[in-house]
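> Would you mind keeping the following structure in view while I ask a few things?
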Protein chains: 4
Amino acid sequence: MKTTLLIHCPDQSGIISAVTGFIHSRGGNIIYLDQHVDMQAGVFFMRLESDFENEGFSVPGFREDFERGIAVPYAMKWNIYLSGQRPRMAIFVSRYNHCLYDLLSRYHSGELEVEIPFILSNHDELRGISEQFELPFYHVPISVSNREAAENKQLALLQAHKVDFIVLARYMQIVTPKLISVYPNKIINIHHSFLPAFAGAKPYHAAFERGVKIIGATSHYVTEELDAGPIIAQDVTTVSHSHTVKDFIAKGRDLEKIVLSRAVELHVRRKTMVYNNKTVIFA
Amino acid sequence: MKTTLLIHCPDQSGIISAVTGFIHSRGGNIIYLDQHVDMQAGVFFMRLESDFENEGFSVPGFREDFERGIAVPYAMKWNIYLSGQRPRMAIFVSRYNHCLYDLLSRYHSGELEVEIPFILSNHDELRGISEQFELPFYHVPISVSNREAAENKQLALLQAHKVDFIVLARYMQIVTPKLISVYPNKIINIHHSFLPAFAGAKPYHAAFERGVKIIGATSHYVTEELDAGPIIAQDVTTVSHSHTVKDFIAKGRDLEKIVLSRAVELHVRRKTMVYNNKTVIFA
Amino acid sequence: MKTTLLIHCPDQSGIISAVTGFIHSRGGNIIYLDQHVDMQAGVFFMRLESDFENEGFSVPGFREDFERGIAVPYAMKWNIYLSGQRPRMAIFVSRYNHCLYDLLSRYHSGELEVEIPFILSNHDELRGISEQFELPFYHVPISVSNREAAENKQLALLQAHKVDFIVLARYMQIVTPKLISVYPNKIINIHHSFLPAFAGAKPYHAAFERGVKIIGATSHYVTEELDAGPIIAQDVTTVSHSHTVKDFIAKGRDLEKIVLSRAVELHVRRKTMVYNNKTVIFA
Amino acid sequence: MKTTLLIHCPDQSGIISAVTGFIHSRGGNIIYLDQHVDMQAGVFFMRLESDFENEGFSVPGFREDFERGIAVPYAMKWNIYLSGQRPRMAIFVSRYNHCLYDLLSRYHSGELEVEIPFILSNHDELRGISEQFELPFYHVPISVSNREAAENKQLALLQAHKVDFIVLARYMQIVTPKLISVYPNKIINIHHSFLPAFAGAKPYHAAFERGVKIIGATSHYVTEELDAGPIIAQDVTTVSHSHTVKDFIAKGRDLEKIVLSRAVELHVRRKTMVYNNKTVIFA
């Protein structure tokens, strides 16, 4: 049985030895170990893929023993995941379809190992694509007057479908604090600029005005402060004076979809950890 | 005789035809023509390399005829440069030597076709490198009390050595409006971040705090507004959670020297034009 | 009426002046001019976007006059295209769907301005995607015994649908010389490596064996010599010892689809010219 | 006392636990642990930075105990390095100076933590740069008739100066099997192309002929097979039809010096391991 263990705790001597010794004593074979120490914050991070081939192994038993024998003494926050558990991912979109198409084509090819219980949009334009891929589509319009009702509808859908995490695939609405508190570090957004440069609604126009020679896209976990959550992935491409704003936007689309899909993949493979509004990415 | 012609003017019909016809009628052979129209601003830009092999050709004669026959009717701002004219470049530095070494080694190899009348610094540390390359070094310290005197000394040196343009190779002092007004779009700075993100004095620390996955460097012409002048060149490199601020700085050094040297090369080859605080780069 | 003119001819004095003068005399306004001289080969290339607003303008008239007045004297090969003419693009695929999805989603969004008369495959697996996008799908299996019949079927389909150019979106069959001769520099392939490194059938395995730190993808026009046609676009991404062949392939998929779509876009916008087995790309 | 431990051995269960337990039992605190398993070859690699603050710690004692208690049972090849040990690096050059300047300026700034006992060249042109940096320079010309004598002179110099590793900073001579056997995986070369593409003497000309859109540079350990040793670092930059061979070479120079210096830095920090003609890079 293949497992992934994610751990973080105050940095201290002997952690790696204790954890690897524990895994070994339970019959586990360590396939991959990634570790990081944030020296400034004094925090230790570890990601461990192990294979338990022994018959006697059970996850609840492991949880109990590890908690008592290792996690409590070292003051760890930790979790264990079984490989093969496909997380349930909701997609929120508005009118742009390039990120949605990219996610759905990866899902359809088997490349992206998730379940997609539904697609939700504040507009109705992309319903057709949901139908192309035979996925449920919910149209939840948002206006000044219905904001709270809309949010409740979203939460009800997420709960009913046991959604594990949400991908904002160019969803042009601000996500509410309530939703964020239910899904902390579990809402992935794609921002169409090289954050922190050009935060806000029209980043390509701002980049064009400034005359930059490189544009970027940034995928991050959503926090209450707009465009300021922990960055998961970024990428850039070159531009020149000969490109119009329209060209910036077209080049940006390619960045956005690749960067968002890369971030989603990292999240799904449990390769991201968040601390102090920053990510540790064990890629 | 090889020449480079730089032109900008209000966009209008027939410019290219008029200019190329004029060159042709004077016996010039066009080697390269680059052209750009800023549609928003309605401005036309052109860079033309031509070869005049005919005996009768003279630059003053060309200037007079082109001004009257073409430049005035089309309301052009323009200039002509002879290839072989090596511009005179002053280098301002403080304590970091990586950009200085990079510029001087290119100069020494003959790659960078300039004259370097002197190196100027507000500190004395890098005098030894000037001596390595047998170049004059002026130590012009700057303090709160002597700012104006120091600036006058700088201006006197620049004038005495007939300096055409200035390179700030990690010069950690703010250049004064007076100097900028004497060298408009002729002072090239290297900023150690991907502008406009992380302007200010400690960009690598800010980038580290924000947890970005990519860092950059930006070379730009100096204007009165700090870190806001027309961008000439930018480049980036990837970073991760495993890098410390010190690593960011080390990786940044490589970016800074390459990006600055690239910008200087573009300037020297007359491949940059400035309009509306942006550059047209005919690379 | 917006037009794009593509020209190449032996390099000689006065071409630009003659062409731009001709355009101007016919009432055309030059929007963009790109020009290149291959000094080694002595060949001149030009791409000219012009706008003819005058009522009297007719393409046949322009063709006749330009041919007689300009093209013949300068020994040009040339063509003029009207903007708004959507070229007809056939897509050939086998079993991988990532490039197909990327092309179709761009087509569906209106980003890729082509007509797609059909998708053709030597397998039947991707029929479902054609149906998703409501496009005709032809299954033309190829075996040792039916190669000639299959080729004739392909040619008949291409002719019947008046196809202008063909995109091989991971089509795992060698295209025959006959087909290439009917579509010279009009068949665009994506090769899953940084050509010329790792030509052949299993480039990611070869790259993995060699222990490279960067992998790439290359889009090129198909010529008789395998993997050796004129390169249109290339891009790369980093890999490390921690990546398996499977990771190489997954990272490669992202490269392949972006590079192929970029090459198709360049071709559709008439920004590519071919000479001496190389491309001039006016991007 | 800070140490770096490098280990490789057949992959087997319990290694990490055994090694980290041993370190811990000797009073060591693990600062960084990087580990990799080559699944195909069944080989385990580890790099461990540890800090031993206890008074009783001695390297010879550690060596003996680790060898007997851990290395022999697990069939390890391993080594331990003390931080602060500056390796002794000889530089071999010919006529190009850009890589030499880059290495020397990093050395001079304290960025590159090595000793440089001498620079050796088959030509005399770069003697001046050695003098600029006050380093010994040996001119060892090589001709058909003196090849063996020259090699013996090289070996004598390397031995006399206790050289740990050699950097070929654009050294345009083939290194002999004898020298390679004395310095296995300890001679670092920079090849001016994206290997394996364009091996051989004139890669930029070959890249230009092929019409590639990206060029690269590759740093690798030297093995008997030319241009085929384990790759340490690679990087690339874009080119276009508008660049001449001379432009390729100029752009390549920037790549070469950065890539070579990056590889040297990785080697000096003991972040490279070699197995099966490939590198594991713990960066």
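Just so we're on the same page: first chain in the structure tokens is A, next is B, and so on; residues restart at 1 for each chain, and ligands are numbered from 1 in the order they show up.
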Write out as an MDAnalysis selection string each polymer residue whose atoms come within 8 Å of Val268 in chain D, counting only C-alpha atoms; drop sequence neighbours fewer than 4 positions from it.
chainID D and resid 87 113:114 264
> Please find the residues of chain B near chain D - the criterion being any atom within 8 Å, counting only C-alpha atoms - and write them as a list of chain:residue names.
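Per the criterion, chain B yields B:Asn97, B:His98, B:Tyr101, B:Asp102, B:Ser105, B:Arg106, B:Ser109, B:Gln132, B:Phe133, B:Asp254, B:Ile258.
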> Could those residues be written to a file, using C-alpha atoms, as a CSV table (one decimal), in the first residue's frame?

chain,number,residue,atom,x,y,z
B,97,ASN,CA,31.7,44.3,-8.7
B,98,HIS,CA,29.9,41.6,-10.8
B,101,TYR,CA,33.6,42.9,-14.2
B,102,ASP,CA,31.2,41.8,-16.9
B,105,SER,CA,35.7,42.0,-19.7
B,106,ARG,CA,33.4,42.6,-22.7
B,109,SER,CA,37.6,41.5,-25.5
B,132,GLN,CA,43.4,45.8,-13.4
B,133,PHE,CA,41.9,47.2,-16.6
B,254,ASP,CA,24.0,36.4,-12.8
B,258,ILE,CA,23.7,39.7,-18.3
> Tell me, which residues of range 36-273 of chain C carry DSSP alpha helix (DSSP H), written as a count of residues only?
81
> Mind listing the strand (DSSP E) residues of range 92-283 of chain D, per DSSP on the backbone, as number ranges by chain?
D: 92-93, 119-121, 137-139, 165-168, 187-191, 214-221, 231-238, 272-275, 278-281
> Would you write out those residues with N, CA and C atoms, as a compact mmCIF listing (two decimals), in the first residue's frame?

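Everything below was put into again_24.txt:
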# COMPACT_ATOMS: atom_id res chain seq x y z
N PHE D 92 42.09 25.43 -17.42
CA PHE D 92 42.73 25.28 -18.73
C PHE D 92 41.98 26.16 -19.73
N VAL D 93 42.71 26.97 -20.48
CA VAL D 93 42.07 27.84 -21.47
C VAL D 93 42.84 27.80 -22.79
N ILE D 119 46.67 28.80 -13.93
CA ILE D 119 45.94 28.76 -15.20
C ILE D 119 46.91 28.20 -16.24
N LEU D 120 46.42 27.29 -17.07
CA LEU D 120 47.27 26.66 -18.08
C LEU D 120 46.66 26.87 -19.45
N SER D 121 47.50 27.14 -20.43
CA SER D 121 46.96 27.35 -21.77
C SER D 121 47.90 26.78 -22.83
N PHE D 137 50.57 31.51 -14.49
CA PHE D 137 50.12 31.12 -15.82
C PHE D 137 51.18 30.23 -16.46
N TYR D 138 50.77 29.08 -16.92
CA TYR D 138 51.71 28.20 -17.62
C TYR D 138 51.29 28.04 -19.08
N HIS D 139 52.23 28.31 -19.94
CA HIS D 139 51.99 28.14 -21.37
C HIS D 139 52.54 26.78 -21.78
N PHE D 165 40.52 19.44 -8.94
CA PHE D 165 39.71 19.27 -10.16
C PHE D 165 40.09 20.35 -11.17
N ILE D 166 39.71 20.08 -12.43
CA ILE D 166 40.14 20.92 -13.56
C ILE D 166 38.92 21.48 -14.27
N VAL D 167 38.98 22.75 -14.61
CA VAL D 167 37.92 23.36 -15.41
C VAL D 167 38.46 23.72 -16.78
N LEU D 168 37.82 23.19 -17.81
CA LEU D 168 38.19 23.52 -19.19
C LEU D 168 37.33 24.70 -19.61
N ILE D 187 36.96 16.60 -14.25
CA ILE D 187 37.30 17.58 -15.29
C ILE D 187 35.98 18.09 -15.84
N ILE D 188 35.76 19.39 -15.70
CA ILE D 188 34.49 20.00 -16.11
C ILE D 188 34.71 20.78 -17.40
N ASN D 189 33.93 20.45 -18.42
CA ASN D 189 34.04 21.12 -19.71
C ASN D 189 32.78 21.94 -19.98
N ILE D 190 32.93 22.97 -20.80
CA ILE D 190 31.76 23.68 -21.31
C ILE D 190 31.71 23.45 -22.82
N HIS D 191 30.60 22.88 -23.27
CA HIS D 191 30.44 22.69 -24.71
C HIS D 191 29.48 23.74 -25.22
N ILE D 214 16.37 28.00 -31.02
CA ILE D 214 16.92 28.04 -29.67
C ILE D 214 18.33 27.47 -29.72
N ILE D 215 19.28 28.13 -29.06
CA ILE D 215 20.62 27.55 -28.95
C ILE D 215 20.93 27.34 -27.47
N GLY D 216 21.93 26.51 -27.20
CA GLY D 216 22.21 26.18 -25.81
C GLY D 216 23.68 26.00 -25.54
N ALA D 217 23.98 25.77 -24.27
CA ALA D 217 25.33 25.42 -23.84
C ALA D 217 25.20 24.32 -22.79
N THR D 218 26.21 23.48 -22.72
CA THR D 218 26.16 22.29 -21.86
C THR D 218 27.48 22.14 -21.11
N SER D 219 27.41 22.04 -19.81
CA SER D 219 28.61 21.74 -19.05
C SER D 219 28.54 20.28 -18.60
N HIS D 220 29.64 19.58 -18.78
CA HIS D 220 29.63 18.14 -18.48
C HIS D 220 31.00 17.70 -17.98
N TYR D 221 31.00 16.59 -17.27
CA TYR D 221 32.26 15.96 -16.91
C TYR D 221 32.86 15.32 -18.15
N ILE D 231 26.15 15.09 -17.99
CA ILE D 231 25.78 16.51 -18.08
C ILE D 231 25.52 17.07 -16.69
N ILE D 232 26.14 18.21 -16.39
CA ILE D 232 25.95 18.86 -15.09
C ILE D 232 24.91 19.97 -15.18
N ALA D 233 25.03 20.80 -16.20
CA ALA D 233 24.11 21.94 -16.33
C ALA D 233 23.95 22.30 -17.80
N GLN D 234 22.76 22.79 -18.13
CA GLN D 234 22.47 23.26 -19.49
C GLN D 234 21.62 24.50 -19.40
N ASP D 235 21.75 25.33 -20.38
CA ASP D 235 20.82 26.45 -20.50
C ASP D 235 20.69 26.84 -21.96
N VAL D 236 19.65 27.59 -22.26
CA VAL D 236 19.35 27.92 -23.65
C VAL D 236 18.94 29.38 -23.78
N THR D 237 18.94 29.87 -25.00
CA THR D 237 18.42 31.20 -25.29
C THR D 237 17.82 31.16 -26.69
N THR D 238 16.91 32.08 -26.96
CA THR D 238 16.23 32.06 -28.26
C THR D 238 17.05 32.80 -29.32
N THR D 272 27.00 17.34 -6.79
CA THR D 272 26.89 16.47 -7.96
C THR D 272 27.33 15.06 -7.60
N MET D 273 26.61 14.08 -8.12
CA MET D 273 27.06 12.69 -8.02
C MET D 273 26.91 12.09 -9.41
N VAL D 274 27.79 11.15 -9.75
CA VAL D 274 27.77 10.59 -11.10
C VAL D 274 27.50 9.09 -11.01
N TYR D 275 26.62 8.62 -11.87
CA TYR D 275 26.37 7.19 -11.95
C TYR D 275 25.85 6.87 -13.34
N LYS D 278 25.44 9.54 -15.97
CA LYS D 278 24.48 10.61 -15.72
C LYS D 278 24.78 11.24 -14.35
N THR D 279 24.27 12.44 -14.16
CA THR D 279 24.49 13.09 -12.87
C THR D 279 23.20 13.12 -12.05
N VAL D 280 23.39 13.04 -10.75
CA VAL D 280 22.36 13.43 -9.80
C VAL D 280 22.81 14.78 -9.26
N ILE D 281 21.96 15.79 -9.41
CA ILE D 281 22.32 17.15 -8.98
C ILE D 281 21.41 17.55 -7.84
> Can you work out the spacing between CA of Met46 in chain D and CA of Gly84 in chain D in Å, to one decimal?
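Separation of CA of Met46 in chain D and CA of Gly84 in chain D: 20.7 Å.
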> Glu53 in chain A: which residues within 9 Å, counting only C-alpha atoms, same-chain residues fewer than 3 positions away excluded, as a count of residues only?
7
> Pick from C:Ser50, C:Gln12, C:Thr4, C:Ser193: nearest to His24 in chain C, with only C-alpha atoms counted?
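When distances to His24 in chain C are compared using only C-alpha atoms, the smallest one comes from C:Ser50.
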> Which neighbours of range 62-71 of chain C fall inside 10 Å, counting only C-alpha atoms, when residues of the same chain fewer than 2 positions from it are skipped, and could you give them as a ChimeraX atom specification?
/C:7-9,15,18-19,22-23,26,57-60,73-80
> Find the residues near Val37 in chain C: any atom within 8 Å, counting only C-alpha atoms, skip ones fewer than 6 places away on the same chain, and give them as an mmCIF file with C-alpha atoms, in the first residue's frame.

data_model
loop_
_atom_site.group_PDB
_atom_site.id
_atom_site.type_symbol
_atom_site.label_atom_id
_atom_site.label_comp_id
_atom_site.auth_asym_id
_atom_site.auth_seq_id
_atom_site.Cartn_x
_atom_site.Cartn_y
_atom_site.Cartn_z
ATOM 1 C CA ILE B 31 20.811 46.694 -45.382
ATOM 2 C CA TYR B 32 18.193 46.507 -42.688
ATOM 3 C CA ASP C 11 18.849 40.747 -52.907
ATOM 4 C CA VAL C 43 18.079 36.504 -50.771
ATOM 5 C CA PHE C 44 15.678 39.254 -49.773
ATOM 6 C CA PHE C 45 12.430 38.529 -47.875
#
> What does the distance from CA of Arg95 in chain C to CA of Lys202 in chain C come to in Å, to one decimal?
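Straight-line distance from CA of Arg95 in chain C to CA of Lys202 in chain C works out to 15.3 Å.
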